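What follows is run-v1.csv (CSV, C-alpha atoms and all ligand atoms).
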chain,number,residue,atom,x,y,z
A,14,MET,CA,-93.2,-43.2,-25.0
A,15,THR,CA,-95.8,-44.4,-27.5
A,16,ARG,CA,-97.9,-41.2,-27.6
A,17,SER,CA,-96.5,-37.9,-28.9
A,18,PRO,CA,-94.5,-36.1,-26.3
A,19,ARG,CA,-96.2,-33.0,-24.9
A,20,VAL,CA,-93.8,-30.1,-25.3
A,21,LEU,CA,-93.6,-26.7,-23.5
A,22,VAL,CA,-91.7,-24.0,-25.4
A,23,THR,CA,-90.7,-20.9,-23.4
A,24,GLY,CA,-89.9,-17.7,-25.3
A,25,SER,CA,-92.2,-18.9,-28.0
A,26,LEU,CA,-92.7,-15.5,-29.5
A,27,GLY,CA,-89.0,-14.8,-30.0
A,28,GLN,CA,-87.0,-15.2,-33.2
A,29,LEU,CA,-86.4,-19.0,-32.8
A,30,GLY,CA,-89.4,-19.9,-30.7
A,31,THR,CA,-91.8,-18.8,-33.5
A,32,THR,CA,-90.4,-21.3,-36.0
A,33,MET,CA,-89.7,-24.0,-33.4
A,34,VAL,CA,-93.4,-24.0,-32.3
A,35,GLU,CA,-94.6,-24.3,-35.9
A,36,THR,CA,-92.2,-27.2,-36.5
A,37,LEU,CA,-93.1,-29.0,-33.2
A,38,ARG,CA,-96.8,-28.7,-33.9
A,39,ALA,CA,-96.4,-30.0,-37.4
A,40,LYS,CA,-94.6,-33.1,-36.0
A,41,PHE,CA,-96.4,-33.8,-32.7
A,42,GLY,CA,-99.8,-32.1,-33.2
A,43,ASN,CA,-101.0,-28.7,-32.3
A,44,GLU,CA,-102.5,-29.6,-29.0
A,45,ASN,CA,-99.3,-31.3,-27.8
A,46,VAL,CA,-97.2,-28.2,-28.1
A,47,VAL,CA,-97.8,-25.4,-25.5
A,48,ALA,CA,-96.3,-22.1,-26.4
A,49,SER,CA,-95.5,-19.6,-23.7
A,50,ASP,CA,-94.0,-16.1,-23.3
A,51,ILE,CA,-94.5,-12.9,-21.5
A,52,LYS,CA,-95.8,-11.1,-24.6
A,53,LYS,CA,-99.2,-11.2,-26.2
A,54,PRO,CA,-99.4,-13.4,-29.3
A,55,ALA,CA,-100.9,-12.2,-32.5
A,56,PRO,CA,-104.3,-13.8,-33.1
A,57,GLU,CA,-103.0,-16.1,-35.9
A,58,LYS,CA,-100.4,-17.5,-33.5
A,59,ARG,CA,-102.9,-18.1,-30.8
A,60,ALA,CA,-105.1,-19.9,-33.3
A,61,THR,CA,-102.7,-22.8,-34.0
A,62,GLY,CA,-102.6,-24.3,-30.5
A,63,PRO,CA,-102.4,-23.6,-26.8
A,64,PHE,CA,-100.6,-20.4,-25.5
A,65,VAL,CA,-100.0,-19.6,-21.9
A,66,TYR,CA,-98.6,-16.4,-20.4
A,67,ALA,CA,-95.8,-17.6,-18.1
A,68,ASP,CA,-92.8,-15.7,-16.7
A,69,VAL,CA,-89.8,-18.1,-16.4
A,70,LEU,CA,-89.0,-16.2,-13.2
A,71,ASN,CA,-92.1,-17.7,-11.6
A,72,TYR,CA,-91.5,-21.3,-10.7
A,73,ARG,CA,-95.1,-22.0,-9.6
A,74,ALA,CA,-96.6,-20.6,-12.8
A,75,LEU,CA,-94.3,-22.8,-14.9
A,76,GLU,CA,-95.1,-25.8,-12.7
A,77,GLN,CA,-98.8,-25.2,-13.1
A,78,VAL,CA,-98.4,-25.4,-16.9
A,79,VAL,CA,-96.4,-28.6,-16.7
A,80,VAL,CA,-99.0,-30.2,-14.5
A,81,ASP,CA,-102.1,-28.9,-16.3
A,82,TYR,CA,-100.8,-29.9,-19.7
A,83,GLY,CA,-99.0,-33.1,-18.8
A,84,ILE,CA,-95.7,-31.8,-20.2
A,85,ASP,CA,-92.9,-34.2,-21.0
A,86,TRP,CA,-90.3,-32.0,-22.7
A,87,VAL,CA,-89.3,-28.4,-22.3
A,88,VAL,CA,-87.6,-26.3,-25.0
A,89,HIS,CA,-86.4,-23.3,-23.1
A,90,PHE,CA,-85.9,-20.3,-25.4
A,91,SER,CA,-86.6,-17.5,-23.0
A,92,ALA,CA,-83.4,-15.4,-22.7
A,93,ILE,CA,-81.9,-11.9,-23.0
A,94,LEU,CA,-79.4,-11.9,-25.8
A,95,SER,CA,-75.9,-10.4,-26.0
A,96,ALA,CA,-76.6,-6.7,-26.9
A,97,ALA,CA,-79.8,-6.4,-24.9
A,98,GLY,CA,-77.9,-8.0,-22.0
A,99,GLU,CA,-75.1,-5.4,-22.1
A,100,ARG,CA,-77.8,-2.7,-22.1
A,101,ASN,CA,-79.4,-4.3,-19.0
A,102,PRO,CA,-77.1,-6.7,-17.2
A,103,ALA,CA,-79.3,-7.1,-14.2
A,104,LEU,CA,-82.3,-8.2,-16.3
A,105,ALA,CA,-80.1,-10.6,-18.3
A,106,LEU,CA,-78.7,-12.1,-15.1
A,107,ASN,CA,-82.1,-12.6,-13.7
A,108,VAL,CA,-83.8,-14.1,-16.8
A,109,ASN,CA,-80.9,-16.2,-18.0
A,110,VAL,CA,-79.7,-17.5,-14.6
A,111,ASN,CA,-82.8,-17.6,-12.4
A,112,GLY,CA,-85.1,-18.4,-15.3
A,113,PHE,CA,-83.0,-21.3,-16.3
A,114,GLN,CA,-82.6,-22.5,-12.7
A,115,ASN,CA,-86.4,-22.6,-12.4
A,116,VAL,CA,-86.7,-24.6,-15.6
A,117,LEU,CA,-84.0,-27.0,-14.6
A,118,GLU,CA,-85.6,-27.6,-11.2
A,119,LEU,CA,-88.9,-28.2,-13.0
A,120,ALA,CA,-87.1,-30.8,-15.2
A,121,LYS,CA,-85.7,-32.5,-12.0
A,122,ASN,CA,-88.9,-32.5,-10.1
A,123,HIS,CA,-91.1,-33.7,-12.9
A,124,GLY,CA,-88.8,-35.9,-14.9
A,125,LEU,CA,-88.8,-33.7,-18.0
A,126,ARG,CA,-86.4,-33.7,-20.9
A,127,LEU,CA,-84.9,-30.2,-21.2
A,128,LEU,CA,-83.3,-28.6,-24.2
A,129,SER,CA,-81.9,-25.1,-23.6
A,130,PRO,CA,-79.7,-23.6,-26.2
A,131,SER,CA,-76.3,-22.1,-25.5
A,132,THR,CA,-74.4,-19.8,-27.9
A,133,MET,CA,-71.0,-19.1,-29.4
A,134,GLY,CA,-71.2,-16.2,-27.0
A,135,ALA,CA,-70.3,-18.6,-24.3
A,136,PHE,CA,-66.8,-18.3,-25.6
A,137,GLY,CA,-64.6,-15.3,-24.8
A,138,PRO,CA,-61.5,-13.3,-25.7
A,139,THR,CA,-59.1,-16.0,-24.6
A,140,THR,CA,-60.8,-18.8,-26.5
A,141,PRO,CA,-59.1,-20.0,-29.7
A,142,LYS,CA,-61.0,-18.2,-32.5
A,143,ASP,CA,-60.7,-20.7,-35.4
A,144,ALA,CA,-62.3,-24.1,-35.4
A,145,THR,CA,-63.1,-23.5,-31.7
A,146,PRO,CA,-63.5,-27.0,-30.1
A,147,ASP,CA,-66.3,-28.1,-27.8
A,148,LEU,CA,-64.0,-28.2,-24.9
A,149,THR,CA,-61.7,-25.2,-24.6
A,150,ILE,CA,-61.1,-22.0,-22.6
A,151,MET,CA,-64.4,-20.4,-21.7
A,152,ARG,CA,-64.0,-17.0,-20.0
A,153,PRO,CA,-66.6,-14.8,-21.7
A,154,ASN,CA,-66.8,-11.1,-20.7
A,155,THR,CA,-70.4,-10.4,-21.5
A,156,ILE,CA,-73.2,-11.0,-19.1
A,157,TYR,CA,-74.9,-13.1,-21.8
A,158,GLY,CA,-71.8,-15.3,-22.1
A,159,ILE,CA,-71.3,-15.6,-18.4
A,160,SER,CA,-75.0,-16.6,-17.9
A,161,LYS,CA,-74.7,-19.2,-20.7
A,162,VAL,CA,-71.6,-20.8,-19.2
A,163,HIS,CA,-73.5,-21.0,-15.9
A,164,MET,CA,-76.4,-22.7,-17.8
A,165,GLU,CA,-74.1,-25.2,-19.5
A,166,LEU,CA,-72.3,-26.2,-16.3
A,167,LEU,CA,-75.5,-26.3,-14.1
A,168,GLY,CA,-77.3,-28.4,-16.7
A,169,GLU,CA,-74.4,-30.9,-16.8
A,170,TYR,CA,-74.3,-30.9,-13.0
A,171,TYR,CA,-78.1,-31.8,-12.8
A,172,THR,CA,-77.5,-34.5,-15.3
A,173,GLU,CA,-74.7,-36.0,-13.3
A,174,LYS,CA,-76.3,-35.6,-9.9
A,175,TYR,CA,-80.0,-36.0,-10.5
A,176,GLY,CA,-80.2,-37.8,-13.9
A,177,VAL,CA,-81.9,-34.8,-15.6
A,178,ASP,CA,-82.0,-35.2,-19.4
A,179,PHE,CA,-80.4,-31.9,-20.2
A,180,ARG,CA,-79.4,-31.1,-23.8
A,181,SER,CA,-77.8,-28.0,-25.4
A,182,LEU,CA,-76.3,-26.6,-28.6
A,183,ARG,CA,-74.0,-23.6,-29.0
A,184,TYR,CA,-75.8,-21.9,-31.9
A,185,PRO,CA,-74.0,-19.4,-34.1
A,186,GLY,CA,-75.9,-16.3,-35.2
A,187,ILE,CA,-79.3,-17.4,-36.6
A,188,ILE,CA,-80.7,-15.7,-39.8
A,189,SER,CA,-84.4,-15.8,-40.4
A,190,ALA,CA,-86.9,-14.0,-42.7
A,191,ASP,CA,-89.9,-15.1,-40.6
A,192,SER,CA,-89.4,-13.3,-37.3
A,193,PRO,CA,-87.2,-10.4,-36.2
A,194,PRO,CA,-84.0,-10.9,-34.1
A,195,GLY,CA,-84.3,-10.1,-30.4
A,196,GLY,CA,-81.3,-8.0,-29.5
A,197,GLY,CA,-78.1,-9.8,-30.4
A,198,THR,CA,-74.7,-8.9,-31.9
A,199,THR,CA,-75.4,-10.9,-35.0
A,200,ASP,CA,-78.7,-9.1,-35.8
A,201,TYR,CA,-76.9,-7.1,-38.5
A,202,ALA,CA,-77.0,-10.2,-40.7
A,203,VAL,CA,-80.8,-10.0,-40.7
A,204,ASP,CA,-81.2,-6.2,-40.7
A,205,ILE,CA,-79.1,-5.9,-43.8
A,206,PHE,CA,-81.6,-7.7,-46.0
A,207,HIS,CA,-84.5,-5.5,-44.9
A,208,ALA,CA,-82.4,-2.4,-45.5
A,209,ALA,CA,-81.2,-3.6,-48.9
A,210,LEU,CA,-84.7,-4.3,-50.1
A,211,LYS,CA,-86.1,-1.1,-48.6
A,212,ASP,CA,-83.4,1.5,-49.2
A,213,ASN,CA,-80.6,-0.3,-51.1
A,214,ARG,CA,-78.2,0.9,-48.4
A,215,TYR,CA,-77.2,-0.2,-44.8
A,216,ALA,CA,-75.2,1.2,-41.9
A,217,CYS,CA,-73.6,-1.8,-40.3
A,218,PHE,CA,-72.8,-1.7,-36.5
A,219,LEU,CA,-69.9,-4.1,-37.0
A,220,LYS,CA,-66.6,-3.5,-38.8
A,221,HIS,CA,-66.3,-4.7,-42.4
A,222,ASP,CA,-64.1,-7.7,-41.7
A,223,THR,CA,-65.8,-9.1,-38.5
A,224,ARG,CA,-66.1,-12.8,-39.3
A,225,LEU,CA,-68.6,-14.8,-37.3
A,226,PRO,CA,-70.3,-18.2,-37.5
A,227,MET,CA,-73.8,-18.1,-38.8
A,228,ALA,CA,-76.7,-20.5,-39.7
A,229,TYR,CA,-80.0,-20.2,-41.5
A,230,ILE,CA,-83.1,-20.8,-39.4
A,231,ASP,CA,-84.1,-24.0,-41.2
A,232,ASP,CA,-80.8,-25.7,-40.4
A,233,CYS,CA,-81.0,-24.4,-36.8
A,234,ILE,CA,-84.5,-25.9,-36.3
A,235,VAL,CA,-83.7,-29.2,-38.0
A,236,GLY,CA,-80.6,-29.6,-35.8
A,237,THR,CA,-82.5,-28.6,-32.7
A,238,MET,CA,-85.2,-31.2,-33.5
A,239,GLN,CA,-82.5,-33.8,-34.1
A,240,LEU,CA,-80.9,-33.2,-30.7
A,241,LEU,CA,-84.2,-33.0,-29.0
A,242,GLU,CA,-85.3,-36.4,-30.3
A,243,ALA,CA,-81.9,-38.2,-30.2
A,244,PRO,CA,-81.8,-41.3,-28.0
A,245,GLN,CA,-79.9,-40.7,-24.7
A,246,GLU,CA,-77.3,-43.4,-25.6
A,247,ALA,CA,-76.3,-41.5,-28.7
A,248,LEU,CA,-75.1,-38.5,-26.7
A,249,THR,CA,-71.5,-38.5,-25.7
A,250,GLN,CA,-71.8,-35.0,-24.2
A,251,ARG,CA,-74.5,-32.6,-23.1
A,252,VAL,CA,-73.5,-29.4,-24.9
A,253,TYR,CA,-72.5,-29.3,-28.6
A,254,ASN,CA,-71.0,-26.7,-30.9
A,255,VAL,CA,-72.9,-26.3,-34.2
A,256,HIS,CA,-71.5,-24.4,-37.2
A,257,ALA,CA,-73.0,-23.9,-40.6
A,258,CYS,CA,-71.1,-21.1,-42.4
A,259,ASP,CA,-69.2,-18.0,-41.6
A,260,PHE,CA,-68.8,-14.6,-43.2
A,261,SER,CA,-68.0,-10.9,-42.6
A,262,PRO,CA,-70.3,-7.9,-43.3
A,263,GLU,CA,-68.3,-7.0,-46.4
A,264,GLU,CA,-68.6,-10.6,-47.8
A,265,LEU,CA,-72.4,-10.6,-47.1
A,266,ALA,CA,-72.7,-7.2,-48.7
A,267,ALA,CA,-70.8,-8.5,-51.8
A,268,GLU,CA,-73.3,-11.4,-52.1
A,269,ILE,CA,-76.2,-9.0,-51.8
A,270,ARG,CA,-74.7,-6.8,-54.5
A,271,ARG,CA,-74.3,-9.8,-56.8
A,272,MET,CA,-77.8,-11.2,-56.3
A,273,HIS,CA,-79.9,-8.1,-55.6
A,274,SER,CA,-78.4,-4.8,-56.7
A,275,PRO,CA,-74.8,-3.8,-57.8
A,276,ASP,CA,-75.6,-0.4,-56.3
A,277,PHE,CA,-76.2,-1.7,-52.8
A,278,ALA,CA,-74.2,0.6,-50.5
A,279,ILE,CA,-72.9,-0.3,-47.0
A,280,GLU,CA,-71.1,1.9,-44.6
A,281,TYR,CA,-69.5,0.8,-41.3
A,282,ARG,CA,-70.4,2.5,-38.0
A,283,PRO,CA,-69.1,0.1,-35.3
A,284,ASP,CA,-70.8,0.6,-31.9
A,285,PHE,CA,-70.6,-1.3,-28.5
A,286,ARG,CA,-71.5,-4.6,-30.3
A,287,GLN,CA,-68.1,-4.6,-32.0
A,288,ALA,CA,-66.4,-5.3,-28.7
A,289,ILE,CA,-68.7,-8.2,-28.1
A,290,ALA,CA,-68.2,-9.7,-31.6
A,291,ASP,CA,-64.4,-9.3,-31.2
A,292,THR,CA,-64.5,-11.9,-28.4
A,293,TRP,CA,-66.4,-14.6,-30.3
A,294,PRO,CA,-65.1,-17.4,-32.5
A,295,ARG,CA,-64.6,-17.0,-36.3
A,296,THR,CA,-65.5,-20.7,-36.8
A,297,MET,CA,-66.5,-23.5,-34.6
A,298,ALA,CA,-65.6,-27.2,-34.8
A,299,ASP,CA,-68.8,-29.3,-34.6
A,300,THR,CA,-67.6,-32.9,-35.3
A,301,ALA,CA,-69.3,-34.3,-32.2
A,302,ALA,CA,-72.7,-32.9,-33.2
A,303,ARG,CA,-72.3,-34.4,-36.7
A,304,ASN,CA,-71.2,-37.8,-35.3
A,305,ASP,CA,-73.6,-38.2,-32.4
A,306,TRP,CA,-76.9,-37.0,-33.7
A,307,GLY,CA,-76.5,-36.0,-37.3
A,308,TRP,CA,-76.0,-32.2,-37.5
A,309,ASN,CA,-75.7,-31.6,-41.2
A,310,PRO,CA,-76.5,-28.0,-42.2
A,311,ILE,CA,-77.2,-27.4,-45.9
A,312,PHE,CA,-77.4,-23.6,-46.2
A,313,GLY,CA,-74.2,-21.8,-47.1
A,314,THR,CA,-73.8,-18.0,-47.3
A,315,THR,CA,-75.0,-17.9,-50.9
A,316,ASP,CA,-78.1,-20.0,-50.1
A,317,ILE,CA,-78.9,-17.8,-47.2
A,318,VAL,CA,-78.7,-14.6,-49.2
A,319,ARG,CA,-80.8,-16.1,-52.0
A,320,THR,CA,-83.4,-17.4,-49.6
A,321,MET,CA,-83.6,-14.1,-47.6
A,322,LEU,CA,-84.0,-12.0,-50.7
A,323,ASP,CA,-86.7,-14.4,-52.1
A,324,LYS,CA,-88.7,-14.5,-48.9
A,325,LEU,CA,-88.5,-10.8,-48.1
A,326,GLY,CA,-88.6,-9.4,-51.6
A,327,PRO,CA,-92.3,-9.6,-52.2
A,328,THR,CA,-93.1,-7.7,-49.0
A,329,TYR,CA,-90.9,-4.8,-50.0
A,330,ALA,CA,-92.0,-4.9,-53.6
A,331,SER,CA,-95.5,-4.2,-52.5
A,332,VAL,CA,-94.4,-1.6,-50.0
A,333,ASN,CA,-92.2,0.2,-52.5
A,334,SER,CA,-94.9,0.3,-55.1
A,335,SER,CA,-97.6,1.7,-52.8
A,336,PRO,CA,-98.5,5.4,-53.1
A,337,PRO,CA,-96.9,7.6,-50.5
A,338,ALA,CA,-98.6,7.3,-47.1
A,339,PRO,CA,-100.1,10.4,-45.5
A,340,ALA,CA,-97.8,12.1,-43.1
A,341,ASP,CA,-99.7,10.9,-40.0
A,342,ALA,CA,-100.1,7.3,-41.2
A,343,PRO,CA,-98.3,4.5,-39.2
A,344,ALA,CA,-95.1,3.2,-40.7
A,345,VAL,CA,-96.0,0.5,-43.3
A,346,ILE,CA,-92.6,-1.1,-42.9
A,347,ALA,CA,-92.9,-1.5,-39.2
A,348,GLN,CA,-96.3,-3.1,-39.6
A,349,GLN,CA,-95.4,-5.5,-42.3
A,350,VAL,CA,-91.9,-6.7,-41.4
B,1,LIG,N1,-81.1,-15.9,-32.4
B,1,LIG,C1,-79.8,-16.2,-32.3
B,1,LIG,O1,-79.0,-15.9,-33.2
B,1,LIG,C2,-79.3,-17.1,-31.2
B,1,LIG,C3,-80.1,-17.5,-30.2
B,1,LIG,N2,-79.5,-18.3,-29.2
B,1,LIG,C4,-80.4,-18.7,-28.1
B,1,LIG,O2,-81.6,-19.2,-28.5
B,1,LIG,C5,-82.6,-18.9,-27.6
B,1,LIG,C6,-83.8,-18.2,-28.3
B,1,LIG,O3,-83.2,-17.0,-28.9
B,1,LIG,P1,-84.1,-16.0,-29.7
B,1,LIG,O4,-85.4,-16.6,-30.1
B,1,LIG,O5,-83.2,-15.4,-30.7
B,1,LIG,O6,-84.3,-14.9,-28.6
B,1,LIG,P2,-85.4,-13.7,-28.7
B,1,LIG,O7,-84.8,-12.6,-27.9
B,1,LIG,O8,-85.9,-13.4,-30.0
B,1,LIG,O9,-86.6,-14.3,-27.8
B,1,LIG,C7,-86.5,-14.5,-26.4
B,1,LIG,C8,-88.0,-14.6,-25.9
B,1,LIG,O10,-87.9,-14.7,-24.5
B,1,LIG,C9,-88.9,-14.0,-23.9
B,1,LIG,N3,-88.7,-13.7,-22.5
B,1,LIG,C10,-87.9,-12.7,-22.0
B,1,LIG,N4,-87.9,-12.7,-20.7
B,1,LIG,C11,-88.8,-13.7,-20.3
B,1,LIG,C12,-89.4,-14.1,-19.0
B,1,LIG,N5,-89.0,-13.5,-17.9
B,1,LIG,N6,-90.2,-15.1,-19.1
B,1,LIG,C13,-90.6,-15.7,-20.2
B,1,LIG,N7,-90.2,-15.3,-21.4
B,1,LIG,C14,-89.3,-14.3,-21.5
B,1,LIG,C15,-89.1,-12.8,-24.8
B,1,LIG,O11,-90.3,-12.2,-24.6
B,1,LIG,C16,-88.8,-13.3,-26.2
B,1,LIG,O12,-90.0,-13.6,-26.8
B,1,LIG,C17,-82.0,-18.1,-26.5
B,1,LIG,O13,-81.6,-19.0,-25.4
B,1,LIG,C18,-80.7,-17.6,-27.1
B,1,LIG,O14,-79.7,-17.4,-26.2
B,1,LIG,C19,-78.2,-18.7,-29.2
B,1,LIG,C20,-77.4,-18.3,-30.2
B,1,LIG,C21,-77.9,-17.5,-31.3
B,2,LIG,C1,-75.0,-15.5,-31.2
B,2,LIG,C2,-76.0,-15.2,-30.2
B,2,LIG,O1,-76.1,-15.8,-29.2
B,2,LIG,C3,-77.0,-14.1,-30.5
B,2,LIG,N1,-77.4,-14.1,-31.9
B,2,LIG,C4,-76.4,-12.8,-30.2
B,2,LIG,O2,-75.9,-12.1,-31.1
B,2,LIG,O3,-76.5,-12.4,-29.0
Let me see whether you can do it: turn the structure in this file into structure tokens.
Amino acid sequence: MTRSPRVLVTGSLGQLGTTMVETLRAKFGNENVVASDIKKPAPEKRATGPFVYADVLNYRALEQVVVDYGIDWVVHFSAILSAAGERNPALALNVNVNGFQNVLELAKNHGLRLLSPSTMGAFGPTTPKDATPDLTIMRPNTIYGISKVHMELLGEYYTEKYGVDFRSLRYPGIISADSPPGGGTTDYAVDIFHAALKDNRYACFLKHDTRLPMAYIDDCIVGTMQLLEAPQEALTQRVYNVHACDFSPEELAAEIRRMHSPDFAIEYRPDFRQAIADTWPRTMADTAARNDWGWNPIFGTTDIVRTMLDKLGPTYASVNSSPPAPADAPAVIAQQV
């Protein structure tokens, strides 16, 4: 392909889609990246390039976008995450299974490259928890995990049977200051920064010692671009573990105390998300991703904490220094963060 690929991003208004669209547009040109979701974009997002309202459950609507815009590649980010999925398993099953099947059929029928991320949540309680390999026991007990195993296997099947260029990475929890998380078990690792800067205290929904794999958004997006652009012949498998760092809530809180405030207070009130986290790996082995297409994350826990505090700090500094809002004014925090 000599011209820039034309890329469709589903779920473009979610936590990862927001940054992925910006990155793709910077690389391939605004007009070559079509953002889509079932929400209304803010005017500033709409201004940077094409946006279409498209439900991934509607095959014809997706196909029309592919035909109208001459799409070559699809980055499929529409999904219902782990905690939201346990709240509404029927919705998660529908979006994650039927939505993915639609996108996969589209890739088959129109010769598209398809990147659809998986997750550490595709592993389950009987999976080895440390240095979890790419190939191991996968018997998740969340609807999110079950739907992602289905996605991985079906993608591989379409590659084998129909030659679809399907690619996937099993992300750890992703931490970003730029867009809010969408209903996952690792959301605490974003929420904690907002709470630290706003109130200097946080009530964590996971236990103090729950160690999970994590990555900063910049590493996540760089790695996703690397896999998306890798030559077919470099890929020895279709689905890759990626790991950047791992920590527990108490370790994260200690770093926040060190870098932000020694008085930062955290209490632990585990809820239903603890049972989900308990089934996930503590660390993942990602040698194949490093060897095949150059996965090489640079943000460790300390870097993440410093970056999150630096990026979010100014917003809260201005909020905290504002005069008290009148009782009937809308919440400033909700508007700005
Ligand atoms: N954020 C994270 O920590 C991780 C994310 N992932 C995966 O990365 C992908 C993106 O995740 P996030 O951006 O965090 O999710 P998110 O929940 O922030 O965004 C998902 C987007 O999908 C859209 N969506 C939902 N139903 C739809 C439908 N029927 N049609 C079209 N769009 C629909 C939502 O409106 C939302 O904007 C997902 O596949 C997720 O499983 C995997 C591991 C970690
Ligand atoms: C790890 C994920 O897939 C996501 N962040 C979630 O917690 O559901």
Hey, which residues come within 8 Å of ligand LIG 1 (chain B) if we count only C-alpha atoms and all ligand atoms? Could you give them as a ChimeraX atom specification? /A:23-31,49-52,67-70,89-95,108-109,112,129-134,157,161,183-188,193-197,199-200,227
Report as a PyMOL selection string all protein, DNA and RNA residues lying within 6 Å of segment 243-260 of chain A, evaluated on only C-alpha atoms, omitting residues in the same chain fewer than 5 positions from it. chain A and resi 147+180-184+224-228+297+299+302+305+310+313
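By chain and then residue number, the residues within 8 Å of Thr32 of chain A are A:Gln28, A:Thr36, A:Asp191, A:Ile234, counting all atoms listed in the file and disregarding those fewer than 4 positions away in sequence.
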Spatial neighbours of Arg126 of chain A, max dist 10 Å, all atoms listed in the file, sep filter under 5 positions, as a ChimeraX atom specification: /A:20,84-88,117,119-121,177-180,241-242
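Taking atom CA of Ile230 of chain A as the reference point, atom CA of Pro153 of chain A is found at 24.9 Å.
Taking only C-alpha atoms into account, Arg295 of chain A lies nearest to A:Lys142 out of the set A:Arg319, A:Arg38, A:Lys142, A:Arg16.
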What is the atom CA of Arg286 of chain A-atom CA of Asn107 of chain A distance in Å, reported with one decimal? 21.3 Å
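Atom pair atom CA of Ala96 of chain A / atom CA of Ala135 of chain A has a distance of 13.7 Å (rounded to one decimal).
Residue nearest ligand LIG 2 (chain B), chosen from A:Arg303, A:Arg100, A:Arg271, A:His123 and counting only C-alpha atoms and all ligand atoms: A:Arg100.
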